[in-house]
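Structure first, then comments.
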2 protein chains.
Amino acid sequence: MLLDGTRVAHAIRAEVAPRVAAFHSAHSRPPALHIVLVGDDPASHIYVRNKERAGTDAGLRVKVHRLPATTTVDELLGTVQALNADAECDGILVQAPLPRAIGKHGTERVFDAISPAKDVDGFHPHNVGLLVQGRAVLKPCTPSGVIELLERTGQTIAGRHAVVIGRSEIVGKPMALLLLQRDATVTVCHSKTPDLASTCARADVLVSAIGRPGFVTPAFVKPGAVVIDVGINRLDSREAAVALFGANHARLTGFDERGSMVVGDVHPAVEAIAGAMTPVPGGVGPLTIAMLLKNTVTAAESIAR
Amino acid sequence: MLLDGTRVAHAIRAEVAPRVAAFHSAHSRPPALHIVLVGDDPASHIYVRNKERAGTDAGLRVKVHRLPATTTVDELLGTVQALNADAECDGILVQAPLPRAIGKHGTERVFDAISPAKDVDGFHPHNVGLLVQGRAVLKPCTPSGVIELLERTGQTIAGRHAVVIGRSEIVGKPMALLLLQRDATVTVCHSKTPDLASTCARADVLVSAIGRPGFVTPAFVKPGAVVIDVGINRLDSREAAVALFGANHARLTGFDERGSMVVGDVHPAVEAIAGAMTPVPGGVGPLTIAMLLKNTVTAAESIAR
């Protein structure tokens, strides 16, 4: 059984639409998402274009602030502070990663400067703390999208053993906290876990968020488990694609047409033993964007209250 | 092997002492901890007296603000705001639980009002978020005390499987996050975990924070595991004490002298199979207070910087 992220994302967008319309009519303007994009990273430009298009399609105002790679931390802080003060800006998203020259500390300063009330990515320490305490209004988009996917496709979370591979601040840790709040027993694994496959093979619900193509093989999966693939990995090598899918798989046609393909962390052979799993593309990805739209409307409603 | 919390707590206090002295001499006053105690809960009065004594012994100024059980949320917020503004107050601790009339929402408002820079309990959402992100300055005292105990008694954390029983905001969740940061694979169990004993029996490091006397029996423990007992449970019934320790145990003498005794979550029979474990009392308890002293000095140094 494939868990259709695109369909669930449509359902969420359909719920967001009347809220956008109601806000627009009450405030004589649409909810506004401001995206700050710094530098020339090609993947970031694609992500931002997708967010911009999805937001516009949903009736939001989306304004992208494109800044050169040479932008300083102080200039970025100035941009963020101006958006914080702008009464017609409801959501602020600074696209990661920032250019290397900004550094880890500079990146933290920029993200920390975003007003928690406009933090539609849910990355601000204040919002992360509220998430731990079960009272966050703005939650990180990818893990909260995974929860929506599980719940809306009828997967049980409470009382199940969930295993999360990966402990990033963006996915792994908030994913574990959200599953815990829904009464799963939760294990977090990572690169220092010695017996990764056997630990994962105890999961009723397995979430992979590590970014390694095909890493989660059948040895990681208990028969019948629900497998959520958060990985979005680009393959540029035909050999790697053949190694993953076999020489005659239909997806190689797509590779040959484009010269590359996007694959998840989960090996295609897992499909035969999982009880349910998300495809890549078409699984978690569309939900991340749907939750961003939802967070933007939620932020707008909260600010305007 | 018993993990001697009292000894580790002494070592931490010995490290805090010169920092207290240096602050005192640089600022012509000792670091100051202000404790807000509302109402008549006997256990809270005991806890506060212990914190007051430990702080005074360590050379801190400790001021306890005793407020009647009838104090309103607004009055409490006023007290907290005055302490936030007081340049000679370095740490603020509002003793939980607040009287029932304050309510859940009122309690959250009061704790949220504490300046994160003076939040020596580490409960403020901002500090909790920084903990998730691995950059907290003020961390919750009990779980950070457990980490100190493990590290200073030479227990390995990295690469081990740690299981935490309990998912409170005060102990369970921050404990899991701190173990994860130290490269353990971490599982969080709770009341909705179906196969609790067998899940716990996979732990190399088992931390119990549920508050149920003798709940963790040998069936929960892998032979040789490190067992950390965060429970502090008062037994008032001699029958219950006999059921736990047997009719001829030395600890019954203590019970008979006082008419009650304090026991942990871990059953005494676990001692025979654990590789190392903490006693109750004398395990985690002394560390919680030592970490409070350390947090107070850290807050003072940070504010005065």
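How things are named: the first chain in the structure tokens is A, the next is B, and so on; residues count from 1 in each chain; ligands count from 1 in the order shown.
Running DSSP on the backbone gives strand (DSSP E or B) for these residues within range 7-142 of chain A: Ala32, Leu33, His34, Ile35, Val36, Leu37, Val38, Arg61, Val62, Lys63, Val64, His65, Arg66, Leu67, Gly91, Ile92, Leu93, Val94 and Asp119 of chain A.
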*Starting from chain A, keep only residues with some atom at most 9 Å from an atom of chain B, counting only C-alpha atoms, and report them as a ChimeraX atom specification.*
/A:123-133,158-161,163,167-169,173-174,177,180,183-194
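Minimum distance to Gly224 in chain B across B:Ala197, B:Leu83, B:Ile147, B:Val205 (counting only C-alpha atoms) occurs at B:Val205.
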Hey, what's within 9 Å of Val280 in chain B if we count only C-alpha atoms and toss same-chain stuff fewer than 5 positions away? As a PDB file with N, CA and C atoms, in the first residue's frame, please?
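Below is the file around-v8.pdb, written as the result:
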```
ATOM      1  N   ASP B 229      17.900   5.755  38.744  1.00  0.00           N
ATOM      2  CA  ASP B 229      16.590   5.830  39.398  1.00  0.00           C
ATOM      3  C   ASP B 229      16.290   7.277  39.777  1.00  0.00           C
ATOM      4  N   VAL B 230      15.410   7.914  39.014  1.00  0.00           N
ATOM      5  CA  VAL B 230      15.074   9.315  39.277  1.00  0.00           C
ATOM      6  C   VAL B 230      13.890   9.420  40.245  1.00  0.00           C
ATOM      7  N   GLY B 231      13.215   8.309  40.496  1.00  0.00           N
ATOM      8  CA  GLY B 231      12.036   8.341  41.359  1.00  0.00           C
ATOM      9  C   GLY B 231      12.374   8.721  42.793  1.00  0.00           C
ATOM     10  N   ILE B 232      11.538   9.569  43.378  1.00  0.00           N
ATOM     11  CA  ILE B 232      11.640   9.885  44.811  1.00  0.00           C
ATOM     12  C   ILE B 232      10.235   9.706  45.357  1.00  0.00           C
ATOM     13  N   VAL B 262      11.787   6.894  52.000  1.00  0.00           N
ATOM     14  CA  VAL B 262      11.817   7.336  50.606  1.00  0.00           C
ATOM     15  C   VAL B 262      12.451   6.234  49.773  1.00  0.00           C
ATOM     16  N   VAL B 263      11.743   5.836  48.710  1.00  0.00           N
ATOM     17  CA  VAL B 263      12.259   4.784  47.827  1.00  0.00           C
ATOM     18  C   VAL B 263      12.183   5.276  46.379  1.00  0.00           C
ATOM     19  N   GLY B 264      12.931   4.607  45.517  1.00  0.00           N
ATOM     20  CA  GLY B 264      12.932   4.969  44.104  1.00  0.00           C
ATOM     21  C   GLY B 264      11.903   4.191  43.304  1.00  0.00           C
ATOM     22  N   ASP B 265      12.031   4.280  41.982  1.00  0.00           N
ATOM     23  CA  ASP B 265      11.191   3.499  41.069  1.00  0.00           C
ATOM     24  C   ASP B 265      11.723   2.082  40.905  1.00  0.00           C
ATOM     25  N   VAL B 266      12.987   1.890  41.264  1.00  0.00           N
ATOM     26  CA  VAL B 266      13.657   0.627  40.938  1.00  0.00           C
ATOM     27  C   VAL B 266      13.561  -0.325  42.118  1.00  0.00           C
ATOM     28  N   GLY B 285      19.095  12.613  43.528  1.00  0.00           N
ATOM     29  CA  GLY B 285      18.615  13.753  44.303  1.00  0.00           C
ATOM     30  C   GLY B 285      19.673  14.807  44.587  1.00  0.00           C
TER      31      GLY B 285
END
```
*asked:* Give me the residues near Ala69 in chain A as a list in words, where near means some atom within 9 Å (using only C-alpha atoms) and where sequence neighbours in that chain fewer than 6 positions away do not count.
replied: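 Listed by chain and then number, they are Val38, Gly39, Asp40, Leu98, Pro99 and Ala101 of chain A.
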File of the preceding selection, N, CA and C atoms, as a compact mmCIF listing (two decimals), in the first residue's frame:
```txt
# COMPACT_ATOMS: atom_id res chain seq x y z
N VAL A 38 19.12 33.73 -0.20
CA VAL A 38 20.45 34.35 -0.28
C VAL A 38 21.38 33.49 -1.13
N GLY A 39 21.98 34.09 -2.14
CA GLY A 39 22.99 33.40 -2.92
C GLY A 39 22.41 32.60 -4.09
N ASP A 40 23.23 31.68 -4.60
CA ASP A 40 22.94 31.08 -5.90
C ASP A 40 22.76 29.57 -5.85
N LEU A 98 22.22 28.98 4.30
CA LEU A 98 22.77 30.29 3.94
C LEU A 98 24.19 30.08 3.40
N PRO A 99 24.70 31.07 2.63
CA PRO A 99 26.05 30.92 2.08
C PRO A 99 27.08 30.61 3.17
N ALA A 101 29.85 31.69 3.95
CA ALA A 101 30.50 32.82 4.64
C ALA A 101 29.69 33.29 5.85
```
*So how far away is CA of Thr107 in chain A from CA of Asp41 in chain A, in Å?*
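Separating CA of Asp41 in chain A from CA of Thr107 in chain A is a distance of 15.7 Å.
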*Could you pull out the helix (DSSP H, G or I) residues of range 39-275 of chain B from DSSP and send them as an NGL selection string?*
:B and (42-57 or 73-85 or 100-113 or 116-118 or 125-132 or 141-152 or 172-181 or 196-200 or 218-220 or 238-245 or 251-258 or 268-272)
*For Thr298 in chain B, work out the shell of residues within 10 Å, counting only C-alpha atoms and skipping chain neighbours fewer than 2 positions away, then give it as number ranges by chain.*
B: 16, 19-20, 31, 90-91, 117-118, 120, 137-138, 292-296, 300-304
_Show me, as a PyMOL selection string, the residues that have an atom within 7 Å of Cys89 in chain B when counting only C-alpha atoms, minus same-chain residues fewer than 2 positions from it._
chain B and resi 32-34+83+86-87+91
Restricting it to N, CA and C atoms, dump the selection as an mmCIF file, in the first residue's frame.
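Result written to selection_23.cif:
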```cif
data_model
loop_
_atom_site.group_PDB
_atom_site.id
_atom_site.type_symbol
_atom_site.label_atom_id
_atom_site.label_comp_id
_atom_site.auth_asym_id
_atom_site.auth_seq_id
_atom_site.Cartn_x
_atom_site.Cartn_y
_atom_site.Cartn_z
ATOM 1 N N ALA B 32 22.836 35.646 43.367
ATOM 2 C CA ALA B 32 21.599 35.608 44.148
ATOM 3 C C ALA B 32 20.531 34.765 43.472
ATOM 4 N N LEU B 33 20.028 33.798 44.234
ATOM 5 C CA LEU B 33 18.927 32.939 43.786
ATOM 6 C C LEU B 33 17.660 33.344 44.521
ATOM 7 N N HIS B 34 16.612 33.642 43.754
ATOM 8 C CA HIS B 34 15.322 33.978 44.360
ATOM 9 C C HIS B 34 14.339 32.850 44.109
ATOM 10 N N LEU B 83 11.313 40.526 39.794
ATOM 11 C CA LEU B 83 12.590 39.812 39.895
ATOM 12 C C LEU B 83 13.354 39.871 38.566
ATOM 13 N N ASP B 86 15.102 43.106 38.566
ATOM 14 C CA ASP B 86 16.025 43.341 39.683
ATOM 15 C C ASP B 86 17.449 42.949 39.268
ATOM 16 N N ALA B 87 18.324 43.938 39.133
ATOM 17 C CA ALA B 87 19.689 43.682 38.669
ATOM 18 C C ALA B 87 20.482 42.832 39.655
ATOM 19 N N GLY B 91 19.085 34.418 39.546
ATOM 20 C CA GLY B 91 18.316 33.222 39.209
ATOM 21 C C GLY B 91 16.948 33.277 39.858
#
```
*What is the distance between CA of Tyr47 in chain B and CA of Pro18 in chain B, in Å to one decimal?*
25.4 Å
*Could you tell me how far CA of Thr253 in chain B lies from CA of Ser44 in chain B, in Å and to one decimal?*
26.3 Å
